[in-house]
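Next up, upload.csv (CSV, C-alpha atoms):
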```
chain,number,residue,atom,x,y,z
A,1,MET,CA,23.6,3.7,-15.2
A,2,ASN,CA,24.2,4.5,-11.5
A,3,GLN,CA,22.3,1.8,-9.8
A,4,ARG,CA,22.6,3.3,-6.3
A,5,ARG,CA,21.3,6.7,-7.5
A,6,ILE,CA,18.3,5.0,-9.3
A,7,LEU,CA,17.4,3.0,-6.2
A,8,LEU,CA,17.6,6.1,-4.0
A,9,ALA,CA,15.2,7.8,-6.4
A,10,LEU,CA,12.8,4.8,-6.3
A,11,PHE,CA,13.0,4.6,-2.5
A,12,MET,CA,12.3,8.3,-2.1
A,13,ILE,CA,9.3,8.1,-4.5
A,14,TYR,CA,7.9,5.2,-2.5
A,15,PHE,CA,8.5,7.1,0.8
A,16,VAL,CA,6.5,10.1,-0.5
A,17,PHE,CA,3.6,8.0,-1.8
A,18,ALA,CA,3.6,5.9,1.4
A,19,ILE,CA,2.8,9.0,3.4
A,20,LEU,CA,0.1,10.2,1.0
A,21,LEU,CA,-1.6,6.8,0.4
A,22,ASN,CA,-1.7,5.6,3.9
A,23,SER,CA,-2.7,8.9,5.4
A,24,VAL,CA,-6.3,8.0,4.4
A,25,GLY,CA,-7.0,6.4,7.8
A,26,THR,CA,-5.9,9.5,9.6
A,27,VAL,CA,-7.7,11.8,7.1
A,28,ILE,CA,-10.9,9.7,7.6
A,29,LEU,CA,-10.7,10.3,11.3
A,30,GLN,CA,-10.0,14.0,10.9
A,31,VAL,CA,-12.7,14.8,8.3
A,32,ILE,CA,-15.2,13.1,10.7
A,33,HIS,CA,-14.1,15.6,13.4
A,34,THR,CA,-13.4,18.7,11.3
A,35,TYR,CA,-16.2,18.6,8.7
A,36,GLY,CA,-18.8,16.6,10.5
A,37,VAL,CA,-18.8,13.8,7.9
A,38,ASP,CA,-20.3,10.4,9.0
A,39,LYS,CA,-18.3,7.2,8.8
A,40,GLY,CA,-20.0,5.9,5.7
A,41,ALA,CA,-19.3,9.1,3.7
A,42,ALA,CA,-15.8,9.3,5.0
A,43,SER,CA,-15.0,5.8,3.9
A,44,VAL,CA,-15.4,6.9,0.2
A,45,LEU,CA,-11.9,8.5,0.5
A,46,GLU,CA,-10.5,5.0,0.1
A,47,GLY,CA,-12.5,4.7,-3.2
A,48,PHE,CA,-11.3,8.1,-4.4
A,49,LYS,CA,-7.7,6.8,-3.9
A,50,ASP,CA,-8.0,3.2,-5.1
A,51,LEU,CA,-10.4,3.3,-8.1
A,52,PRO,CA,-8.3,5.8,-10.0
A,53,ILE,CA,-5.3,3.6,-9.4
A,54,ALA,CA,-7.2,0.7,-10.9
A,55,ILE,CA,-8.6,2.6,-13.9
A,56,VAL,CA,-5.4,4.4,-14.8
A,57,SER,CA,-3.3,1.3,-14.4
A,58,PHE,CA,-5.7,-0.6,-16.7
A,59,LEU,CA,-5.5,2.1,-19.3
A,60,VAL,CA,-1.8,3.1,-19.3
A,61,ALA,CA,0.3,0.2,-17.9
A,62,SER,CA,0.9,-1.4,-21.3
A,63,THR,CA,2.0,1.9,-22.9
A,64,LEU,CA,4.3,3.2,-20.1
A,65,PRO,CA,7.4,1.4,-21.6
A,66,ARG,CA,6.9,3.6,-24.7
A,67,PHE,CA,6.2,6.8,-22.7
A,68,GLY,CA,9.2,6.2,-20.4
A,69,TYR,CA,9.3,5.2,-16.7
A,70,LYS,CA,11.2,8.3,-15.7
A,71,LYS,CA,8.7,10.7,-17.4
A,72,ALA,CA,5.8,8.9,-15.8
A,73,MET,CA,7.4,9.3,-12.3
A,74,LEU,CA,8.0,13.0,-12.9
A,75,VAL,CA,4.4,13.6,-14.1
A,76,ALA,CA,3.1,11.7,-11.0
A,77,LEU,CA,5.2,13.8,-8.6
A,78,ALA,CA,4.1,17.0,-10.2
A,79,ILE,CA,0.4,16.0,-9.8
A,80,VAL,CA,0.7,15.3,-6.1
A,81,ALA,CA,2.8,18.4,-5.4
A,82,VAL,CA,0.0,20.6,-6.7
A,83,ALA,CA,-2.8,18.5,-5.1
A,84,THR,CA,-1.2,18.7,-1.6
A,85,LEU,CA,-1.0,22.5,-1.9
A,86,ALA,CA,-4.8,22.6,-2.4
A,87,MET,CA,-5.5,21.0,1.0
A,88,PRO,CA,-4.6,23.9,3.2
A,89,LEU,CA,-5.5,26.5,0.6
A,90,ILE,CA,-9.1,25.2,0.0
A,91,PRO,CA,-10.1,23.3,3.2
A,92,ALA,CA,-13.1,21.1,2.5
A,93,PHE,CA,-14.1,17.5,2.3
A,94,ALA,CA,-14.4,17.9,-1.5
A,95,THR,CA,-10.7,18.9,-1.5
A,96,ALA,CA,-9.8,15.8,0.4
A,97,LYS,CA,-11.6,13.7,-2.3
A,98,LEU,CA,-9.7,15.6,-5.0
A,99,LEU,CA,-6.4,15.0,-3.2
A,100,PHE,CA,-6.9,11.2,-3.0
A,101,LEU,CA,-8.1,11.2,-6.6
A,102,CYS,CA,-4.8,12.8,-7.7
A,103,VAL,CA,-2.8,10.5,-5.4
A,104,GLY,CA,-4.5,7.5,-7.0
A,105,VAL,CA,-3.8,8.6,-10.6
A,106,ALA,CA,-0.2,9.4,-9.7
A,107,PHE,CA,0.4,6.2,-7.9
A,108,ALA,CA,-0.8,4.2,-10.8
A,109,LEU,CA,2.0,5.8,-12.9
A,110,VAL,CA,4.5,5.3,-10.1
A,111,LYS,CA,3.8,1.7,-9.1
A,112,VAL,CA,4.1,0.4,-12.7
A,113,SER,CA,7.2,2.5,-13.4
A,114,VAL,CA,9.0,1.6,-10.1
A,115,TYR,CA,8.3,-2.1,-10.3
A,116,SER,CA,9.3,-2.3,-13.9
A,117,THR,CA,12.5,-0.4,-13.2
A,118,ILE,CA,13.4,-3.0,-10.6
A,119,GLY,CA,13.5,-5.5,-13.4
A,120,LEU,CA,15.9,-3.4,-15.3
A,121,VAL,CA,18.4,-3.0,-12.5
A,122,ALA,CA,18.2,-6.4,-10.7
A,123,ARG,CA,20.9,-9.0,-11.5
A,124,ASP,CA,18.9,-12.1,-10.8
A,125,ARG,CA,15.8,-13.5,-9.1
A,126,LYS,CA,17.3,-13.3,-5.6
A,127,HIS,CA,18.5,-9.7,-6.2
A,128,HIS,CA,15.0,-8.9,-7.5
A,129,ALA,CA,13.4,-10.3,-4.3
A,130,GLY,CA,15.8,-8.4,-2.1
A,131,ILE,CA,15.2,-5.1,-3.8
A,132,THR,CA,11.4,-5.6,-3.8
A,133,ASN,CA,11.3,-6.4,-0.1
A,134,MET,CA,13.6,-3.5,0.7
A,135,LEU,CA,11.5,-1.2,-1.4
A,136,GLU,CA,8.3,-2.3,0.3
A,137,GLY,CA,10.0,-2.1,3.7
A,138,PHE,CA,11.0,1.5,3.0
A,139,PHE,CA,7.4,2.1,1.9
A,140,MET,CA,6.4,1.1,5.4
A,141,VAL,CA,9.0,3.4,6.9
A,142,GLY,CA,7.1,6.1,5.1
A,143,VAL,CA,3.8,4.9,6.5
A,144,LEU,CA,5.3,4.8,10.0
A,145,SER,CA,6.5,8.3,9.5
A,146,ALA,CA,3.1,9.5,8.3
A,147,TYR,CA,1.4,8.7,11.6
A,148,TRP,CA,3.9,10.7,13.6
A,149,ILE,CA,4.0,13.6,11.1
A,150,PHE,CA,0.2,13.9,11.0
A,151,GLY,CA,0.0,13.4,14.7
A,152,PHE,CA,2.4,16.3,15.3
A,153,PHE,CA,0.0,18.6,13.4
A,154,ILE,CA,-3.3,17.3,15.0
A,155,ASP,CA,-4.6,19.5,17.9
A,156,ALA,CA,-5.8,16.9,20.4
A,157,ASP,CA,-7.6,19.5,22.5
A,158,HIS,CA,-9.6,20.8,19.6
A,159,PRO,CA,-10.6,17.8,17.4
A,160,ALA,CA,-12.5,20.1,14.9
A,161,SER,CA,-9.5,22.3,14.4
A,162,THR,CA,-8.0,22.6,10.8
A,163,SER,CA,-4.4,22.8,12.1
A,164,TRP,CA,-3.7,19.3,10.8
A,165,LEU,CA,-4.0,20.7,7.2
A,166,ASN,CA,-0.6,22.4,7.7
A,167,VAL,CA,1.1,19.1,7.2
A,168,TYR,CA,0.4,19.4,3.5
A,169,TRP,CA,2.8,22.3,3.2
A,170,LEU,CA,5.6,19.9,4.3
A,171,LEU,CA,4.4,17.1,2.0
A,172,SER,CA,4.2,19.4,-1.0
A,173,GLY,CA,7.9,20.4,-0.4
A,174,LEU,CA,8.9,16.8,-0.1
A,175,CYS,CA,7.2,16.0,-3.4
A,176,ALA,CA,9.1,18.9,-5.1
A,177,ALA,CA,12.4,17.7,-3.7
A,178,THR,CA,11.8,14.1,-4.9
A,179,PHE,CA,10.8,15.5,-8.3
A,180,LEU,CA,14.2,17.2,-8.6
A,181,LEU,CA,16.1,14.0,-7.5
A,182,VAL,CA,14.3,12.0,-10.2
A,183,LEU,CA,14.9,14.7,-12.8
A,184,ALA,CA,18.7,14.7,-12.1
A,185,THR,CA,18.9,10.8,-12.2
A,186,THR,CA,19.7,9.0,-15.4
A,187,PHE,CA,17.6,5.9,-16.2
A,188,ASP,CA,18.6,3.3,-18.8
A,189,GLU,CA,15.3,2.0,-20.1
A,190,VAL,CA,16.7,-0.2,-22.9
A,191,GLY,CA,14.8,-3.5,-23.0
A,192,ALA,CA,11.7,-2.2,-21.4
A,193,ALA,CA,9.5,-2.2,-24.5
A,194,PRO,CA,8.3,-5.4,-26.1
A,195,PRO,CA,10.8,-6.6,-28.8
A,196,ASP,CA,8.0,-7.3,-31.3
A,197,SER,CA,5.6,-4.5,-30.3
A,198,ARG,CA,3.1,-3.6,-33.0
A,199,GLY,CA,1.7,-0.5,-31.3
A,200,PRO,CA,-0.2,0.6,-28.2
A,201,ALA,CA,-3.3,-1.4,-29.1
A,202,ALA,CA,-1.4,-4.6,-29.5
A,203,ASP,CA,0.5,-4.0,-26.2
A,204,PHE,CA,-2.8,-3.5,-24.4
A,205,LEU,CA,-4.2,-6.7,-25.8
A,206,GLU,CA,-1.0,-8.5,-24.7
A,207,MET,CA,-1.7,-7.3,-21.2
A,208,LEU,CA,-5.2,-8.7,-21.3
A,209,ARG,CA,-3.9,-12.0,-22.6
A,210,LEU,CA,-1.8,-12.3,-19.5
A,211,PHE,CA,-4.9,-12.6,-17.4
A,212,VAL,CA,-6.1,-15.8,-19.1
A,213,ARG,CA,-3.1,-17.7,-17.6
A,214,PRO,CA,-4.1,-19.7,-14.5
A,215,LEU,CA,-0.9,-18.6,-12.8
A,216,VAL,CA,-1.8,-14.9,-13.2
A,217,TYR,CA,-5.4,-15.0,-12.1
A,218,VAL,CA,-4.5,-17.1,-9.0
A,219,PHE,CA,-1.8,-14.5,-8.3
A,220,VAL,CA,-4.1,-11.5,-8.6
A,221,LEU,CA,-6.6,-13.1,-6.3
A,222,THR,CA,-4.0,-13.6,-3.6
A,223,ALA,CA,-2.8,-10.1,-4.1
A,224,PHE,CA,-6.4,-8.8,-3.9
A,225,LEU,CA,-7.1,-10.6,-0.6
A,226,SER,CA,-3.7,-9.5,0.9
A,227,VAL,CA,-4.3,-5.8,0.2
A,228,LEU,CA,-8.0,-6.1,1.3
A,229,VAL,CA,-6.9,-7.2,4.8
A,230,GLU,CA,-4.0,-4.7,5.0
A,231,GLN,CA,-6.2,-1.7,4.0
A,232,ALA,CA,-9.2,-2.8,6.1
A,233,ILE,CA,-7.0,-2.7,9.2
A,234,GLY,CA,-4.7,0.2,8.2
A,235,SER,CA,-7.5,2.5,7.2
A,236,TRP,CA,-9.7,1.9,10.2
A,237,LEU,CA,-7.2,1.2,13.0
A,238,PRO,CA,-7.0,4.9,14.0
A,239,THR,CA,-10.8,5.0,14.4
A,240,PHE,CA,-10.8,1.7,16.2
A,241,ASN,CA,-8.3,3.0,18.6
A,242,ASN,CA,-10.3,6.2,19.2
A,243,GLU,CA,-13.8,4.7,19.5
A,244,ILE,CA,-13.2,1.1,20.8
A,245,LEU,CA,-10.0,1.5,22.8
A,246,MET,CA,-11.0,5.0,24.0
A,247,LEU,CA,-7.7,6.6,23.1
A,248,PRO,CA,-7.5,10.4,22.3
A,249,ALA,CA,-7.4,11.3,18.6
A,250,THR,CA,-3.7,12.2,18.5
A,251,MET,CA,-2.7,9.0,20.4
A,252,SER,CA,-5.0,6.9,18.2
A,253,VAL,CA,-3.0,8.0,15.2
A,254,GLN,CA,0.3,7.6,16.9
A,255,VAL,CA,-0.5,4.1,18.3
A,256,THR,CA,-1.4,3.0,14.7
A,257,SER,CA,2.3,3.6,13.9
A,258,ILE,CA,3.0,0.3,15.7
A,259,PHE,CA,1.1,-1.5,12.9
A,260,ALA,CA,3.1,0.4,10.3
A,261,GLY,CA,6.4,-0.3,12.2
A,262,CYS,CA,5.6,-4.0,12.3
A,263,LEU,CA,5.0,-3.9,8.5
A,264,ALA,CA,8.3,-2.2,7.9
A,265,VAL,CA,10.3,-4.5,10.1
A,266,GLY,CA,8.5,-7.6,8.7
A,267,ARG,CA,9.3,-6.6,5.1
A,268,LEU,CA,12.9,-5.7,5.8
A,269,LEU,CA,13.4,-9.0,7.6
A,270,ALA,CA,11.7,-10.9,4.8
A,271,GLY,CA,14.3,-9.6,2.4
A,272,VAL,CA,16.8,-11.6,4.4
A,273,VAL,CA,14.7,-14.6,5.3
A,274,MET,CA,13.3,-15.3,1.8
A,275,ARG,CA,16.8,-15.4,0.4
A,276,ARG,CA,17.4,-18.5,2.5
A,277,LEU,CA,14.0,-20.2,2.9
A,278,ASN,CA,11.4,-21.3,0.4
A,279,TRP,CA,8.7,-18.6,0.0
A,280,TYR,CA,5.7,-20.8,0.3
A,281,PRO,CA,6.1,-22.2,3.9
A,282,VAL,CA,7.2,-18.7,5.1
A,283,LEU,CA,4.1,-17.0,3.7
A,284,THR,CA,1.7,-19.8,4.9
A,285,VAL,CA,3.0,-19.5,8.5
A,286,CYS,CA,2.6,-15.7,8.3
A,287,MET,CA,-1.1,-16.1,7.3
A,288,LEU,CA,-1.8,-18.5,10.1
A,289,ALA,CA,-0.1,-16.2,12.6
A,290,MET,CA,-2.3,-13.3,11.3
A,291,GLY,CA,-5.4,-15.3,12.2
A,292,ALA,CA,-4.0,-16.2,15.6
A,293,THR,CA,-3.3,-12.6,16.4
A,294,VAL,CA,-6.9,-11.6,15.6
A,295,LEU,CA,-8.3,-14.3,17.8
A,296,LEU,CA,-5.9,-13.6,20.7
A,297,SER,CA,-6.1,-9.8,20.7
A,298,LEU,CA,-9.7,-8.8,19.9
A,299,PRO,CA,-11.2,-10.4,23.0
A,300,LEU,CA,-9.1,-7.9,25.0
A,301,THR,CA,-10.8,-4.9,23.4
A,302,HIS,CA,-14.2,-5.4,25.0
A,303,GLY,CA,-15.4,-3.3,27.9
A,304,ILE,CA,-12.6,-0.7,28.0
A,305,PRO,CA,-13.6,2.3,30.1
A,306,HIS,CA,-13.0,5.9,29.0
A,307,ASP,CA,-9.9,7.4,30.7
A,308,PRO,CA,-9.3,11.1,29.7
A,309,ASN,CA,-5.8,10.9,31.2
A,310,VAL,CA,-4.7,7.7,29.4
A,311,THR,CA,-1.0,7.5,28.5
A,312,TRP,CA,1.2,5.1,26.7
A,313,ALA,CA,1.9,3.4,30.0
A,314,THR,CA,-1.8,3.0,30.9
A,315,ALA,CA,-3.2,2.3,27.4
A,316,PRO,CA,-5.0,-1.1,26.9
A,317,VAL,CA,-2.8,-4.1,26.1
A,318,ALA,CA,-4.8,-4.6,22.9
A,319,ALA,CA,-3.5,-1.3,21.6
A,320,PHE,CA,0.0,-2.8,21.4
A,321,LEU,CA,-1.0,-6.5,20.7
A,322,PHE,CA,-3.3,-6.2,17.8
A,323,PRO,CA,-0.9,-4.1,15.6
A,324,LEU,CA,1.6,-7.0,15.7
A,325,ILE,CA,-0.5,-8.5,13.0
A,326,GLY,CA,1.5,-6.3,10.7
A,327,LEU,CA,4.7,-8.2,11.4
A,328,PHE,CA,3.1,-11.4,9.9
A,329,MET,CA,1.2,-9.6,7.2
A,330,ALA,CA,4.4,-7.8,5.9
A,331,PRO,CA,6.1,-10.5,3.8
A,332,ILE,CA,3.0,-11.6,1.9
A,333,TYR,CA,2.4,-8.8,-0.7
A,334,PRO,CA,6.1,-8.3,-1.8
A,335,GLY,CA,6.7,-12.0,-1.6
A,336,ILE,CA,4.1,-13.0,-4.1
A,337,ASN,CA,4.9,-10.0,-6.3
A,338,SER,CA,8.5,-11.0,-6.6
A,339,VAL,CA,7.7,-14.7,-7.3
A,340,MET,CA,5.3,-13.6,-10.0
A,341,LEU,CA,7.5,-11.0,-11.7
A,342,SER,CA,10.6,-13.2,-11.5
A,343,SER,CA,8.7,-15.7,-13.6
A,344,LEU,CA,8.2,-13.2,-16.5
A,345,PRO,CA,10.5,-11.6,-19.1
A,346,ARG,CA,11.3,-7.9,-18.7
A,347,HIS,CA,8.9,-6.6,-21.3
A,348,GLN,CA,6.0,-8.2,-19.5
A,349,HIS,CA,6.7,-6.5,-16.1
A,350,ALA,CA,4.8,-3.3,-16.9
A,351,PRO,CA,1.6,-5.0,-18.0
A,352,MET,CA,1.8,-7.5,-15.2
A,353,THR,CA,2.4,-4.8,-12.7
A,354,GLY,CA,-0.6,-3.0,-14.2
A,355,LEU,CA,-2.8,-6.0,-13.5
A,356,LEU,CA,-1.3,-6.2,-10.0
A,357,VAL,CA,-2.0,-2.5,-9.3
A,358,ILE,CA,-5.6,-2.8,-10.6
A,359,PHE,CA,-6.5,-5.7,-8.3
A,360,SER,CA,-4.5,-4.3,-5.4
A,361,ALA,CA,-6.5,-1.1,-5.7
A,362,LEU,CA,-9.8,-3.0,-5.9
A,363,GLY,CA,-8.8,-5.0,-2.8
A,364,GLY,CA,-7.9,-1.9,-0.9
A,365,THR,CA,-11.2,-0.2,-1.7
A,366,THR,CA,-13.3,-3.4,-0.9
A,367,GLY,CA,-11.6,-3.9,2.4
A,368,SER,CA,-12.0,-0.3,3.5
A,369,LEU,CA,-15.6,0.0,2.4
A,370,ILE,CA,-16.7,-3.3,3.9
A,371,THR,CA,-14.9,-2.5,7.2
A,372,GLY,CA,-16.3,1.0,7.3
A,373,TYR,CA,-19.9,-0.2,6.7
A,374,VAL,CA,-19.7,-2.9,9.3
A,375,PHE,CA,-18.0,-0.6,11.7
A,376,GLY,CA,-20.7,2.0,11.4
A,377,HIS,CA,-23.7,-0.4,11.2
A,378,VAL,CA,-22.8,-3.3,13.4
A,379,SER,CA,-19.6,-2.8,15.6
A,380,GLY,CA,-15.9,-2.2,15.3
A,381,HIS,CA,-15.2,-5.5,17.0
A,382,PHE,CA,-17.2,-7.5,14.4
A,383,ALA,CA,-15.6,-5.5,11.6
A,384,PHE,CA,-12.1,-6.6,12.6
A,385,TYR,CA,-13.2,-10.2,13.4
A,386,LEU,CA,-14.4,-10.3,9.8
A,387,THR,CA,-10.8,-10.1,8.5
A,388,LEU,CA,-10.6,-13.8,9.4
A,389,VAL,CA,-12.6,-14.6,6.3
A,390,PRO,CA,-10.1,-13.2,3.7
A,391,ILE,CA,-7.2,-14.5,5.7
A,392,ALA,CA,-8.6,-18.1,5.4
A,393,LEU,CA,-9.2,-17.5,1.7
A,394,MET,CA,-5.6,-16.3,1.3
A,395,VAL,CA,-4.3,-19.6,2.7
A,396,LEU,CA,-6.2,-21.5,0.0
A,397,SER,CA,-5.3,-19.1,-2.8
A,398,LEU,CA,-1.6,-19.2,-1.9
A,399,TYR,CA,-1.6,-23.0,-2.2
A,400,ALA,CA,-3.2,-22.7,-5.6
A,401,PHE,CA,-0.6,-20.1,-6.6
A,402,LYS,CA,2.2,-22.4,-5.5
A,403,ARG,CA,0.8,-25.2,-7.6
A,404,GLN,CA,0.7,-22.9,-10.7
A,405,VAL,CA,4.2,-21.7,-10.1
A,406,GLU,CA,5.5,-25.2,-9.9
A,407,LYS,CA,3.8,-25.9,-13.3
A,408,THR,CA,5.4,-22.8,-14.9
A,409,PRO,CA,9.0,-23.1,-16.1
A,410,ALA,CA,11.1,-20.6,-14.1
A,411,GLU,CA,12.1,-17.7,-16.4
A,412,VAL,CA,14.2,-15.3,-14.5
A,413,ALA,CA,12.9,-11.9,-15.5
A,414,VAL,CA,16.1,-9.9,-15.4
A,415,THR,CA,17.9,-12.1,-17.9
A,416,ALA,CA,15.0,-12.9,-20.2
```
Show me the file's structure as structure tokens.
Amino acid sequence: MNQRRILLALFMIYFVFAILLNSVGTVILQVIHTYGVDKGAASVLEGFKDLPIAIVSFLVASTLPRFGYKKAMLVALAIVAVATLAMPLIPAFATAKLLFLCVGVAFALVKVSVYSTIGLVARDRKHHAGITNMLEGFFMVGVLSAYWIFGFFIDADHPASTSWLNVYWLLSGLCAATFLLVLATTFDEVGAAPPDSRGPAADFLEMLRLFVRPLVYVFVLTAFLSVLVEQAIGSWLPTFNNEILMLPATMSVQVTSIFAGCLAVGRLLAGVVMRRLNWYPVLTVCMLAMGATVLLSLPLTHGIPHDPNVTWATAPVAAFLFPLIGLFMAPIYPGINSVMLSSLPRHQHAPMTGLLVIFSALGGTTGSLITGYVFGHVSGHFAFYLTLVPIALMVLSLYAFKRQVEKTPAEVAVTA
């Protein structure tokens, strides 16, 4: 089994889905302009993406080891390749809903398969943590690329133009190229299936039994809150930049790339830092720094005048300061995932990842919907101040997670 070839395939899959999944904030802004959709209606795109992720993960995670991780990745890439073609061919808000529905279904297959494959190729717990953080870091490189790729196709002078839909020709080609790479890569999936499996129904029940463990439900709560904050900010930051910071549509999307860049840098650095330092103090400091960034930067967003000639040099300070929250947010999600999966044997990685994906999806939808509702009915300022609540809850849930990890005998997943 060529480990480098497999990792390249996994990284490319994550790069593709990073662009598709995290384009939702940009698409929300564009459908508001292009199709005249209000903010509340546009916010459902997050639900069309995240709810299928949760549902499909719940239904198929336990059976994917039988079906095959490689086959699941190929099916997922084929689905999104077709869905992206529909966007420019049938331009409509309904098509955008269909796109994110397909992306959600496909990502459920991909997330479980990719995370489970890491357990098959990692040598030990530290190697597992390194791969996980590098993978999530590369995911954020994809997110960062998405803002600039979409920004290139957006016509700033004509906000209602459909020119931005041409980006999907490029994305469909990228999906096809990644499909061919995975197809040509050999995966050794020996050891993925449970050694004493009695069938799909029994495997499904085994996944449900995982959730009754205190370690697991404290973990999924922490993951839920982490994704809630990340998606609340990531999905609505382009609109926040446009309506609160008074930036043009194209610049609003491009400035959001600072947030994605901070997430990418933070996760890549975390792969190095967490090999040397204990994970709990690192993640706790990160959460406290997130709260401090909110409190320091949001007061600077009040009373900003509209300047039609604004440039990167004259943009408000808050446009550059607030996205730095991504640097501190970055290590949390991959950090807790690696700690959790490294405590389980290989055959439990798929069902555990299924639970992770379910609650991550629910967290993303909850964060986007709440933020969208508050943004539209109260104010954008209050919507982002509200993120302090889940950040505070994360600090508490992380401490509970640490206590449960200490009570659980370490069982290095890749050797179990």
(request) Would you list the residues near (-12.9, 16.9, 12.1), meaning any protein, DNA or RNA residue with an atom at most 10 Å from that point in file coordinates, counting all atoms listed in the file, as a list in words? (result)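 Taken together, the residues in range are Val27, Ile28, Leu29, Gln30, Val31, Ile32, His33, Thr34, Tyr35, Gly36, Val37, Phe93, His158, Pro159, Ala160, Ser161, Thr162 and Trp164 of chain A.
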(message) Show me, as a list in words, the residues that have an atom within 12 Å of Gln404 in chain A when counting only C-alpha atoms, minus same-chain residues fewer than 2 positions from it.
(response)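 Near Gln404 in chain A, the qualifying residues are Arg213, Pro214, Leu215, Val216, Tyr217, Val218, Phe219, Val339, Met340, Ser343, Ser397, Leu398, Tyr399, Ala400, Phe401, Lys402, Glu406, Lys407, Thr408, Pro409 and Ala410 of chain A.
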Residues just named, written with C-alpha atoms as a PDB file, in the frame of the given file:
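Here's the written file again.pdb:
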```pdb
ATOM      1  CA  ARG A 213      -3.100 -17.700 -17.600  1.00  0.00           C
ATOM      2  CA  PRO A 214      -4.100 -19.700 -14.500  1.00  0.00           C
ATOM      3  CA  LEU A 215      -0.900 -18.600 -12.800  1.00  0.00           C
ATOM      4  CA  VAL A 216      -1.800 -14.900 -13.200  1.00  0.00           C
ATOM      5  CA  TYR A 217      -5.400 -15.000 -12.100  1.00  0.00           C
ATOM      6  CA  VAL A 218      -4.500 -17.100  -9.000  1.00  0.00           C
ATOM      7  CA  PHE A 219      -1.800 -14.500  -8.300  1.00  0.00           C
ATOM      8  CA  VAL A 339       7.700 -14.700  -7.300  1.00  0.00           C
ATOM      9  CA  MET A 340       5.300 -13.600 -10.000  1.00  0.00           C
ATOM     10  CA  SER A 343       8.700 -15.700 -13.600  1.00  0.00           C
ATOM     11  CA  SER A 397      -5.300 -19.100  -2.800  1.00  0.00           C
ATOM     12  CA  LEU A 398      -1.600 -19.200  -1.900  1.00  0.00           C
ATOM     13  CA  TYR A 399      -1.600 -23.000  -2.200  1.00  0.00           C
ATOM     14  CA  ALA A 400      -3.200 -22.700  -5.600  1.00  0.00           C
ATOM     15  CA  PHE A 401      -0.600 -20.100  -6.600  1.00  0.00           C
ATOM     16  CA  LYS A 402       2.200 -22.400  -5.500  1.00  0.00           C
ATOM     17  CA  GLU A 406       5.500 -25.200  -9.900  1.00  0.00           C
ATOM     18  CA  LYS A 407       3.800 -25.900 -13.300  1.00  0.00           C
ATOM     19  CA  THR A 408       5.400 -22.800 -14.900  1.00  0.00           C
ATOM     20  CA  PRO A 409       9.000 -23.100 -16.100  1.00  0.00           C
ATOM     21  CA  ALA A 410      11.100 -20.600 -14.100  1.00  0.00           C
TER      22      ALA A 410
END
```
(request) Can you work out which one of A:Tyr115, A:Ala315, A:Leu393, A:Ala232 has the shortest atom-to-atom distance to Leu288 in chain A, counting all atoms listed in the file? (result)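 So, comparing all the options, the nearest one is A:Leu393.
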(request) Find the spatial neighbours of Leu174 in chain A, counting only C-alpha atoms, within a cut-off of 9 Å - ignore same-chain residues fewer than 4 positions away - and output them as an MDAnalysis selection string. (result) chainID A and resid 16 81 169:170 178:179
(message) So that I can see what lies close to Met287 in chain A, please list as JSON, numbers by chain the residues with an atom at most 7 Å from it, counting all atoms listed in the file and leaving out residues fewer than 2 positions away in the same chain.
(response) {"A": [283, 284, 285, 289, 290, 291, 328, 329, 391, 395]}
(request) Enter the distance from CA of Gly234 in chain A to CA of Phe259 in chain A, in Å, rounded to one decimal. (result)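 Straight-line distance from CA of Gly234 in chain A to CA of Phe259 in chain A works out to 7.7 Å.
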(message) Taking (-7.5, -2.7, 26.6) in the coordinates of the supplied file, I want to know which residues reach to within 10 Å of it, counting all atoms listed in the file; could you give the answer as a PyMOL selection string?
(response) chain A and resi 241+244-247+297-305+314-321
(message) Using only C-alpha atoms, can you tell me which of A:Val273, A:Ala72, A:Asn242, A:Tyr280 comes closest to His306 in chain A?
(response)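 Closest to His306 in chain A of all the choices is A:Asn242.
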(request) Grab the CA of Ser62 in chain A to CA of Arg5 in chain A distance for me, in Å with one decimal place. (result) 25.9 Å
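Computed from the coordinates, the CA of Ser116 in chain A to CA of Ala350 in chain A distance equals 5.5 Å.
The smallest atom-to-atom distance between Val220 in chain A and any of A:Ser172, A:Asn337, A:Ser23, A:Asn133, using only C-alpha atoms, is found for A:Asn337.
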Per residue of range 54-74 of chain A within 10 Å of range 97-106 of chain A, what are the shortest atom pair and its distance in Å to one decimal, counting only C-alpha atoms, with rows by chain and residue number, as CSV?
```
residue,atom,partner,partner_atom,distance
A:Ala54,CA,A:Gly104,CA,8.3
A:Ile55,CA,A:Val105,CA,8.4
A:Val56,CA,A:Val105,CA,6.2
A:Ser57,CA,A:Val105,CA,8.2
A:Ala72,CA,A:Ala106,CA,8.6
A:Met73,CA,A:Ala106,CA,8.0
A:Leu74,CA,A:Ala106,CA,9.5
```
